>>> print(open('input-v7.cif').read())   # mmCIF, C-alpha atoms
data_coords
loop_
_atom_site.label_atom_id
_atom_site.label_comp_id
_atom_site.auth_asym_id
_atom_site.auth_seq_id
_atom_site.Cartn_x
_atom_site.Cartn_y
_atom_site.Cartn_z
CA ILE A 1 -13.19 -0.30 7.92
CA GLY A 2 -12.58 1.50 4.62
CA ASN A 3 -9.98 -1.00 3.45
CA SER A 4 -12.11 -3.96 4.54
CA LEU A 5 -15.16 -2.61 2.72
CA LEU A 6 -13.20 -1.98 -0.44
CA PHE A 7 -11.59 -5.43 -0.28
CA VAL A 8 -15.02 -7.07 0.05
CA LEU A 9 -16.35 -5.07 -2.91
CA TYR A 10 -13.41 -6.05 -5.09
CA MET A 11 -13.78 -9.71 -4.14
CA TYR A 12 -17.49 -9.50 -4.89
CA THR A 13 -16.68 -8.15 -8.34
CA PHE A 14 -14.13 -10.91 -8.97
CA LEU A 15 -16.48 -13.71 -7.89
CA MET A 16 -19.95 -12.49 -8.89
CA GLN A 17 -19.26 -10.10 -11.78
CA PRO A 18 -15.97 -11.14 -13.40
CA HIS A 19 -16.91 -9.34 -16.63
CA LEU A 20 -16.60 -6.00 -14.82
CA LYS A 21 -13.12 -6.53 -13.40
CA LYS A 22 -10.04 -4.90 -14.88
CA PRO A 23 -6.45 -6.14 -14.66
CA ILE A 24 -5.49 -3.27 -12.37
CA ASP A 25 -8.23 -4.27 -9.91
CA MET A 26 -6.08 -7.18 -8.74
CA ILE A 27 -3.39 -4.74 -7.63
CA PHE A 28 -5.98 -2.52 -5.92
CA THR A 29 -7.36 -5.58 -4.10
CA HIS A 30 -3.89 -6.58 -2.95
CA LEU A 31 -3.21 -3.02 -1.78
CA THR A 32 -6.35 -2.91 0.37
CA LEU A 33 -5.50 -6.29 1.91
CA VAL A 34 -1.98 -5.13 2.74
CA ASN A 35 -3.40 -1.94 4.27
CA VAL A 36 -5.71 -3.95 6.55
CA LEU A 37 -2.84 -6.15 7.74
CA SER A 38 -0.56 -3.15 8.22
CA ILE A 39 -3.08 -1.29 10.39
CA VAL A 40 -3.88 -4.40 12.44
CA PHE A 41 -0.28 -5.28 13.24
CA ARG A 42 0.60 -1.63 13.88
CA LEU A 43 -2.18 -1.26 16.44
CA ILE A 44 -1.87 -4.60 18.25
CA PRO A 45 0.87 -3.39 20.69
CA ASP A 46 -1.05 -0.19 21.44
CA VAL A 47 -4.29 -2.07 22.06
CA MET A 48 -2.48 -4.55 24.29
CA ALA A 49 -0.89 -1.67 26.21
CA SER A 50 -4.26 0.01 26.70
CA PHE A 51 -5.64 -3.12 28.36
CA ALA A 52 -2.38 -3.89 30.19
CA VAL A 53 -2.14 -7.25 28.44
CA LYS A 54 1.24 -8.74 27.66
CA LEU A 55 1.89 -9.86 24.09
CA LEU A 56 1.67 -13.65 24.11
CA SER A 57 4.60 -15.23 25.97
CA HIS A 58 8.22 -14.16 26.32
CA ASP A 59 9.61 -12.64 23.11
CA VAL A 60 7.36 -14.50 20.68
CA GLY A 61 4.63 -11.86 20.60
CA CYS A 62 7.02 -9.00 19.93
CA LYS A 63 8.84 -10.91 17.20
CA VAL A 64 5.63 -11.93 15.43
CA VAL A 65 4.04 -8.47 15.55
CA LEU A 66 7.19 -6.61 14.49
CA TYR A 67 7.91 -9.12 11.73
CA ALA A 68 4.34 -9.02 10.37
CA TYR A 69 4.23 -5.22 10.45
CA SER A 70 7.61 -4.94 8.71
CA VAL A 71 6.53 -7.37 5.99
CA THR A 72 3.23 -5.56 5.36
CA ARG A 73 5.05 -2.22 5.26
CA GLY A 74 7.45 -3.60 2.64
CA LEU A 75 4.53 -5.05 0.69
CA SER A 76 2.80 -1.67 0.74
CA ILE A 77 5.64 0.24 -0.90
CA CYS A 78 6.28 -2.57 -3.41
CA THR A 79 2.59 -2.78 -4.35
CA LEU A 80 2.31 0.97 -4.83
CA LEU A 81 5.40 0.96 -7.06
CA LEU A 82 3.90 -1.89 -9.10
CA LEU A 83 0.64 0.05 -9.34
CA SER A 84 2.42 3.19 -10.53
CA ALA A 85 4.46 1.29 -13.13
CA PHE A 86 1.37 -0.59 -14.36
CA GLN A 87 -0.66 2.58 -14.87
CA ALA A 88 2.24 4.49 -16.42
CA ILE A 89 2.62 1.75 -19.04
CA THR A 90 -1.16 1.56 -19.54
CA VAL A 91 -1.58 5.26 -20.31
CA SER A 92 1.55 5.47 -22.46
CA SER A 93 1.08 5.82 -26.20
CA ASN A 94 1.32 2.89 -28.58
CA HIS A 95 4.45 4.42 -30.06
CA SER A 96 6.36 4.72 -26.80
CA LYS A 97 9.25 2.48 -25.79
CA TRP A 98 6.95 0.80 -23.22
CA ALA A 99 4.33 -0.17 -25.80
CA TRP A 100 5.63 -3.75 -26.12
CA LEU A 101 4.80 -4.33 -22.43
CA LYS A 102 1.11 -3.47 -22.74
CA SER A 103 0.06 -6.86 -24.04
CA LYS A 104 2.00 -8.62 -21.26
CA LEU A 105 0.85 -6.52 -18.31
CA GLU A 106 -2.10 -8.66 -17.22
CA SER A 107 -0.08 -11.88 -17.25
CA CYS A 108 2.68 -10.26 -15.16
CA ILE A 109 0.50 -9.06 -12.26
CA PHE A 110 0.14 -12.29 -10.29
CA PRO A 111 3.80 -13.36 -10.67
CA SER A 112 4.88 -9.87 -9.59
CA LEU A 113 2.69 -9.94 -6.48
CA PHE A 114 3.87 -13.45 -5.63
CA PHE A 115 7.49 -12.34 -6.07
CA ILE A 116 7.21 -9.36 -3.72
CA TRP A 117 5.56 -11.59 -1.10
CA ILE A 118 8.45 -14.04 -1.26
CA ILE A 119 11.09 -11.30 -1.13
CA ASN A 120 9.54 -9.42 1.80
CA THR A 121 8.78 -12.61 3.72
CA PHE A 122 12.46 -13.59 3.85
CA LEU A 123 13.94 -10.09 3.90
CA TYR A 124 12.85 -9.10 7.41
CA ILE A 125 13.72 -12.30 9.27
CA PRO A 126 17.22 -11.14 10.44
CA ILE A 127 15.86 -7.82 11.74
CA VAL A 128 13.52 -9.36 14.33
CA GLU A 129 16.12 -11.77 15.72
CA ASN A 130 17.35 -9.16 18.23
CA VAL A 131 13.89 -8.08 19.42
CA LYS A 132 13.16 -8.59 23.11
CA ASP A 133 10.05 -8.39 25.23
CA GLN A 134 10.01 -5.57 27.78
CA ILE A 135 7.29 -3.62 29.56
CA ASN A 136 8.93 -0.26 30.17
CA PHE A 137 11.94 1.08 28.34
CA THR A 138 13.60 4.12 26.84
CA ALA A 139 14.64 4.15 23.18
CA VAL A 140 18.21 5.31 22.79
CA GLY A 141 20.42 5.32 19.74
CA SER A 142 19.94 2.60 17.15
CA ARG A 143 17.20 0.66 18.90
CA TYR A 144 13.70 -0.25 17.87
CA SER A 145 11.04 1.10 20.23
CA GLN A 146 7.42 0.08 20.61
CA THR A 147 5.15 -0.74 23.54
CA TYR A 148 6.20 -4.05 25.11
CA CYS A 149 8.95 -4.45 22.52
CA ARG A 150 12.47 -3.23 22.11
CA SER A 151 15.55 -4.35 20.25
CA ASN A 152 19.04 -4.95 21.52
CA GLN A 153 21.82 -2.77 20.21
CA VAL A 154 22.00 -3.32 16.47
CA ARG A 155 24.62 -5.88 15.55
CA HIS A 156 26.60 -4.07 12.87
CA HIS A 157 27.98 -7.19 11.23
CA THR A 158 24.49 -8.61 10.52
CA THR A 159 21.62 -6.19 10.95
CA MET A 160 23.13 -2.83 10.04
CA PRO A 161 23.91 -3.64 6.37
CA LEU A 162 20.39 -5.02 5.94
CA VAL A 163 18.78 -1.96 7.54
CA THR A 164 20.87 0.26 5.26
CA ALA A 165 19.82 -1.79 2.24
CA LEU A 166 16.15 -1.47 3.23
CA ILE A 167 16.44 2.30 3.63
CA VAL A 168 18.12 2.58 0.22
CA ARG A 169 15.39 0.38 -1.28
CA ASP A 170 12.61 2.50 0.20
CA ILE A 171 14.16 5.74 -1.03
CA LEU A 172 14.77 4.25 -4.49
CA PHE A 173 11.19 2.99 -4.72
CA VAL A 174 9.80 6.35 -3.62
CA PHE A 175 11.77 8.17 -6.30
CA LEU A 176 10.70 5.60 -8.91
CA MET A 177 7.07 6.20 -7.90
CA MET A 178 7.61 9.94 -8.19
CA TRP A 179 9.20 9.49 -11.63
CA ALA A 180 6.28 7.33 -12.80
CA SER A 181 3.86 9.94 -11.43
CA LEU A 182 5.59 12.77 -13.27
CA TYR A 183 5.53 10.64 -16.42
CA MET A 184 1.76 10.10 -16.05
CA VAL A 185 1.17 13.80 -15.37
CA THR A 186 3.08 14.67 -18.55
CA LEU A 187 1.03 12.16 -20.56
CA LEU A 188 -2.24 13.47 -19.15
CA PHE A 189 -1.27 17.05 -19.96
CA ARG A 190 -0.40 16.11 -23.53
CA HIS A 191 -3.60 14.09 -23.87
CA ASN A 192 -5.79 16.95 -22.61
CA ARG A 193 -4.13 19.38 -24.97
CA ARG A 194 -4.48 16.98 -27.91
CA THR A 195 -8.13 16.02 -27.30
CA ARG A 196 -9.46 19.38 -26.19
CA HIS A 197 -11.65 19.69 -29.29
CA VAL A 198 -12.50 16.00 -29.70
CA HIS A 199 -16.01 14.99 -28.65
CA SER A 200 -16.17 11.29 -29.54
CA SER A 201 -18.21 9.58 -26.81
CA SER A 202 -16.46 6.18 -27.02
CA VAL A 203 -13.00 7.68 -26.97
CA SER A 204 -13.82 10.16 -24.22
CA SER A 205 -15.45 7.46 -22.05
CA GLN A 206 -12.42 5.19 -22.18
CA ALA A 207 -10.03 8.09 -21.69
CA SER A 208 -12.09 9.35 -18.75
CA SER A 209 -11.85 5.94 -17.06
CA GLU A 210 -8.08 5.85 -17.45
CA LYS A 211 -7.79 9.45 -16.26
CA LYS A 212 -9.74 8.70 -13.09
CA ALA A 213 -7.56 5.67 -12.35
CA THR A 214 -4.44 7.74 -13.00
CA HIS A 215 -5.67 10.54 -10.72
CA SER A 216 -6.29 7.97 -7.97
CA ILE A 217 -2.77 6.60 -8.28
CA LEU A 218 -1.23 10.07 -8.34
CA LEU A 219 -3.09 10.92 -5.13
CA LEU A 220 -2.00 7.65 -3.53
CA VAL A 221 1.65 8.31 -4.42
CA GLY A 222 1.37 11.87 -3.11
CA PHE A 223 -0.07 10.73 0.22
CA PHE A 224 2.49 7.93 0.51
CA VAL A 225 5.44 10.25 -0.10
CA PHE A 226 4.11 12.75 2.43
CA PHE A 227 3.49 10.17 5.18
CA TYR A 228 6.70 8.27 4.44
CA PHE A 229 9.08 11.22 4.67
CA SER A 230 7.20 12.75 7.62
CA ASN A 231 7.33 9.48 9.55
CA THR A 232 10.99 8.96 8.65
CA PHE A 233 11.90 12.42 9.93
CA VAL A 234 10.00 11.96 13.21
CA THR A 235 11.46 8.47 13.72
CA PHE A 236 15.07 9.54 13.21
CA TYR A 237 14.54 12.60 15.40
CA SER A 238 13.07 10.52 18.24
CA LEU A 239 15.83 7.89 18.01
CA HIS A 240 18.55 10.51 18.47
CA ARG A 241 16.90 12.16 21.45
CA PRO A 242 18.50 11.36 24.81
CA LYS A 243 15.08 10.49 26.23
CA GLY A 244 12.00 8.99 24.67
CA SER A 245 8.97 11.18 24.03
CA PRO A 246 5.41 9.79 24.23
CA VAL A 247 4.23 12.65 22.01
CA LEU A 248 6.73 11.76 19.27
CA ASP A 249 5.75 8.10 19.56
CA LEU A 250 2.10 9.11 19.12
CA ILE A 251 2.91 11.27 16.10
CA SER A 252 5.03 8.50 14.57
CA GLY A 253 2.22 6.00 15.06
CA ALA A 254 -0.31 8.33 13.45
CA LEU A 255 1.97 9.01 10.47
CA SER A 256 2.79 5.32 9.95
CA SER A 257 -0.94 4.51 9.87
CA GLY A 258 -1.92 7.59 7.87
CA TYR A 259 -1.40 6.21 4.38
CA PRO A 260 -3.26 2.89 4.79
CA ILE A 261 -6.14 4.78 6.41
CA VAL A 262 -6.43 7.42 3.66
CA CYS A 263 -5.84 4.98 0.78
CA PRO A 264 -9.31 3.33 0.49
CA TYR A 265 -11.17 6.64 0.53
CA VAL A 266 -9.02 7.93 -2.33
CA LEU A 267 -9.94 4.81 -4.32
CA MET A 268 -13.63 5.07 -3.42
CA ASN A 269 -13.77 8.70 -4.46
CA ASN A 270 -12.34 8.12 -7.91
CA ARG A 271 -13.67 4.71 -8.93
CA LYS A 272 -17.11 3.32 -9.77
CA ILE A 273 -16.86 0.09 -7.83
CA ILE A 274 -19.36 1.14 -5.15
CA SER A 275 -21.96 2.27 -7.70
CA LYS A 276 -21.42 -1.00 -9.61
CA PHE A 277 -21.92 -2.98 -6.41
CA MET A 278 -25.09 -1.11 -5.47
CA SER A 279 -26.46 -1.53 -8.98
CA SER A 280 -25.75 -5.26 -9.04
CA PHE A 281 -27.17 -5.65 -5.52
CA SER A 282 -30.37 -3.89 -6.60
CA ASN A 283 -30.63 -6.14 -9.66
CA LEU A 284 -30.09 -9.21 -7.48
CA GLU A 285 -32.76 -8.03 -5.04
CA CYS A 286 -35.19 -7.42 -7.89
CA THR A 287 -34.49 -10.88 -9.28
CA PHE A 288 -35.24 -12.59 -5.96
CA SER A 289 -38.34 -10.48 -5.38
CA THR A 290 -39.63 -11.35 -8.89
CA ARG A 291 -39.05 -15.05 -8.25
CA GLY A 292 -40.86 -14.73 -4.94
CA CYS A 293 -43.86 -13.11 -6.59
CA HIS A 294 -44.03 -15.83 -9.28
CA GLY A 295 -43.68 -18.51 -6.61
#
>>> encode(input="input-v7.cif", output="structure tokens")
Amino acid sequence: IGNSLLFVLYMYTFLMQPHLKKPIDMIFTHLTLVNVLSIVFRLIPDVMASFAVKLLSHDVGCKVVLYAYSVTRGLSICTLLLLSAFQAITVSSNHSKWAWLKSKLESCIFPSLFFIWIINTFLYIPIVENVKDQINFTAVGSRYSQTYCRSNQVRHHTTMPLVTALIVRDILFVFLMMWASLYMVTLLFRHNRRTRHVHSSSVSSQASSEKKATHSILLLVGFFVFFYFSNTFVTFYSLHRPKGSPVLDLISGALSSGYPIVCPYVLMNNRKIISKFMSSFSNLECTFSTRGCHG
């Protein structure tokens, strides 16, 4: 609900009040959309299991759900890395080595988002080829486990190198996000120390806006790192247990959905989009009521 609400508000701003949108809002909008898709495809098997409904026919349902969830998960980490890099360049000084990128940031957002969609769309196709439909099972060793779905033993000559590459990519992206976050924290500390005695309203207003956006991104990265490593630990622990554990599956499911659930409320708490929407809605209501009175 939080992601859907935030996505609608961003789309309203883009369509009805384009003068209020910022370049970074496109990345925020994409992030909320990815979060919605990730939660939906993560919960579909559990909802189906609760109502004792089989996923579509044969193996198609399992393949589609696992593929869609894997793609949205990859899009999530790529989008958050793009968001961190964008904000780190934005808040950097005009004399830094990233200054030449500032003027090109806005024009690079859409191509970057399109690129990560293309990459993640094709990247996960080989992984779902060995997924099979099954009602009851026990996850053992290197097998994927989810309600109604399981994978055959991983084929080392095809799937294993790709899985290893994906794990390396995730870890690399997480550390890049952490590096960008530390860079932003350092810049904010220097900026606060430098402007402690400056009281210019125009400068402080713009700086305050960038600081709020930076704080939001730092919180998002912090939550992502926590949920990612926690979920990874629980997943690897459960895969190497001789028997499956429903409790561990429940914990893993909660951790995998934790970040997309927390994400919109972090953005709502630190941005003015809701107040802008309410203000514009009030103005629109007043406009229609005035027209009605004159009519």
>>> closest_residue(input="input-v7.cif", among="A:Met268, A:Ile118, A:Leu248, A:Ile89", to="A:Lys104", atoms="all atoms listed in the file")
A:Ile89
>>> resolve_selection(input="input-v7.cif", expression="the PyMOL selection byres ((chain A and resi 179) around 12)", output="PDB file with C-alpha atoms, in the frame of the given file")
ATOM      1  CA  LEU A  81       5.400   0.960  -7.060  1.00  0.00           C
ATOM      2  CA  SER A  84       2.420   3.190 -10.530  1.00  0.00           C
ATOM      3  CA  ALA A  85       4.460   1.290 -13.130  1.00  0.00           C
ATOM      4  CA  ALA A  88       2.240   4.490 -16.420  1.00  0.00           C
ATOM      5  CA  LEU A 172      14.770   4.250  -4.490  1.00  0.00           C
ATOM      6  CA  PHE A 173      11.190   2.990  -4.720  1.00  0.00           C
ATOM      7  CA  VAL A 174       9.800   6.350  -3.620  1.00  0.00           C
ATOM      8  CA  PHE A 175      11.770   8.170  -6.300  1.00  0.00           C
ATOM      9  CA  LEU A 176      10.700   5.600  -8.910  1.00  0.00           C
ATOM     10  CA  MET A 177       7.070   6.200  -7.900  1.00  0.00           C
ATOM     11  CA  MET A 178       7.610   9.940  -8.190  1.00  0.00           C
ATOM     12  CA  ALA A 180       6.280   7.330 -12.800  1.00  0.00           C
ATOM     13  CA  SER A 181       3.860   9.940 -11.430  1.00  0.00           C
ATOM     14  CA  LEU A 182       5.590  12.770 -13.270  1.00  0.00           C
ATOM     15  CA  TYR A 183       5.530  10.640 -16.420  1.00  0.00           C
ATOM     16  CA  MET A 184       1.760  10.100 -16.050  1.00  0.00           C
ATOM     17  CA  VAL A 185       1.170  13.800 -15.370  1.00  0.00           C
ATOM     18  CA  THR A 186       3.080  14.670 -18.550  1.00  0.00           C
ATOM     19  CA  LEU A 218      -1.230  10.070  -8.340  1.00  0.00           C
ATOM     20  CA  VAL A 221       1.650   8.310  -4.420  1.00  0.00           C
ATOM     21  CA  GLY A 222       1.370  11.870  -3.110  1.00  0.00           C
TER      22      GLY A 222
END
>>> closest_residue(input="input-v7.cif", among="A:Pro18, A:Met11, A:Phe226, A:Tyr259", to="A:Ser76", atoms="all atoms listed in the file")
A:Tyr259
>>> resolve_selection(input="input-v7.cif", expression="the PyMOL selection byres ((chain A and resi 252) around 12)", output="PDB file with C-alpha atoms, in the coordinates of the input")
ATOM      1  CA  ARG A  42       0.600  -1.630  13.880  1.00  0.00           C
ATOM      2  CA  SER A 145      11.040   1.100  20.230  1.00  0.00           C
ATOM      3  CA  GLN A 146       7.420   0.080  20.610  1.00  0.00           C
ATOM      4  CA  PHE A 227       3.490  10.170   5.180  1.00  0.00           C
ATOM      5  CA  TYR A 228       6.700   8.270   4.440  1.00  0.00           C
ATOM      6  CA  PHE A 229       9.080  11.220   4.670  1.00  0.00           C
ATOM      7  CA  SER A 230       7.200  12.750   7.620  1.00  0.00           C
ATOM      8  CA  ASN A 231       7.330   9.480   9.550  1.00  0.00           C
ATOM      9  CA  THR A 232      10.990   8.960   8.650  1.00  0.00           C
ATOM     10  CA  PHE A 233      11.900  12.420   9.930  1.00  0.00           C
ATOM     11  CA  VAL A 234      10.000  11.960  13.210  1.00  0.00           C
ATOM     12  CA  THR A 235      11.460   8.470  13.720  1.00  0.00           C
ATOM     13  CA  PHE A 236      15.070   9.540  13.210  1.00  0.00           C
ATOM     14  CA  TYR A 237      14.540  12.600  15.400  1.00  0.00           C
ATOM     15  CA  SER A 238      13.070  10.520  18.240  1.00  0.00           C
ATOM     16  CA  LEU A 239      15.830   7.890  18.010  1.00  0.00           C
ATOM     17  CA  SER A 245       8.970  11.180  24.030  1.00  0.00           C
ATOM     18  CA  PRO A 246       5.410   9.790  24.230  1.00  0.00           C
ATOM     19  CA  VAL A 247       4.230  12.650  22.010  1.00  0.00           C
ATOM     20  CA  LEU A 248       6.730  11.760  19.270  1.00  0.00           C
ATOM     21  CA  ASP A 249       5.750   8.100  19.560  1.00  0.00           C
ATOM     22  CA  LEU A 250       2.100   9.110  19.120  1.00  0.00           C
ATOM     23  CA  ILE A 251       2.910  11.270  16.100  1.00  0.00           C
ATOM     24  CA  GLY A 253       2.220   6.000  15.060  1.00  0.00           C
ATOM     25  CA  ALA A 254      -0.310   8.330  13.450  1.00  0.00           C
ATOM     26  CA  LEU A 255       1.970   9.010  10.470  1.00  0.00           C
ATOM     27  CA  SER A 256       2.790   5.320   9.950  1.00  0.00           C
ATOM     28  CA  SER A 257      -0.940   4.510   9.870  1.00  0.00           C
ATOM     29  CA  GLY A 258      -1.920   7.590   7.870  1.00  0.00           C
TER      30      GLY A 258
END
>>> closest_residue(input="input-v7.cif", among="A:Cys263, A:Ile44, A:Ile116, A:Leu187", to="A:Phe7", atoms="all atoms listed in the file")
A:Cys263
>>> residues_around(input="input-v7.cif", residues="A:Ser38", least_positions_apart="2", cutoff="7 Å", atoms="only C-alpha atoms", output="list in words")
Val34, Asn35, Val36, Val40, Phe41, Arg42, Tyr69, Thr72 and Arg73 of chain A
>>> closest_residue(input="input-v7.cif", among="A:Ile261, A:Tyr124, A:Phe189, A:Pro23", to="A:Lys63", atoms="all atoms listed in the file")
A:Tyr124
>>> residues_around(input="input-v7.cif", residues="A:Leu113", least_positions_apart="4", cutoff="8 Å", atoms="all atoms listed in the file", output="PyMOL selection string")
chain A and resi 79+109+117
>>> atom_distance(input="input-v7.cif", atom1="atom CA of A:Leu101", atom2="atom CA of A:Val71")
28.6 Å
>>> atom_distance(input="input-v7.cif", atom1="atom CA of A:Leu6", atom2="atom CA of A:Leu83")
16.6 Å
>>> atom_distance(input="input-v7.cif", atom1="atom CA of A:Leu66", atom2="atom CA of A:Pro260")
17.1 Å
>>> resolve_selection(input="input-v7.cif", expression="the PyMOL selection byres ((chain A and resi 164-166) around 12)", output="ChimeraX atom specification")
/A:70-71,73-74,77-78,119-120,123-124,127,154,156-163,167-173
>>> write_last_selection(input="input-v7.cif", atoms="C-alpha atoms", output="tab-separated table (two decimals), in the coordinates of the input")
chain	number	residue	atom	x	y	z
A	70	SER	CA	7.61	-4.94	8.71
A	71	VAL	CA	6.53	-7.37	5.99
A	73	ARG	CA	5.05	-2.22	5.26
A	74	GLY	CA	7.45	-3.60	2.64
A	77	ILE	CA	5.64	0.24	-0.90
A	78	CYS	CA	6.28	-2.57	-3.41
A	119	ILE	CA	11.09	-11.30	-1.13
A	120	ASN	CA	9.54	-9.42	1.80
A	123	LEU	CA	13.94	-10.09	3.90
A	124	TYR	CA	12.85	-9.10	7.41
A	127	ILE	CA	15.86	-7.82	11.74
A	154	VAL	CA	22.00	-3.32	16.47
A	156	HIS	CA	26.60	-4.07	12.87
A	157	HIS	CA	27.98	-7.19	11.23
A	158	THR	CA	24.49	-8.61	10.52
A	159	THR	CA	21.62	-6.19	10.95
A	160	MET	CA	23.13	-2.83	10.04
A	161	PRO	CA	23.91	-3.64	6.37
A	162	LEU	CA	20.39	-5.02	5.94
A	163	VAL	CA	18.78	-1.96	7.54
A	167	ILE	CA	16.44	2.30	3.63
A	168	VAL	CA	18.12	2.58	0.22
A	169	ARG	CA	15.39	0.38	-1.28
A	170	ASP	CA	12.61	2.50	0.20
A	171	ILE	CA	14.16	5.74	-1.03
A	172	LEU	CA	14.77	4.25	-4.49
A	173	PHE	CA	11.19	2.99	-4.72
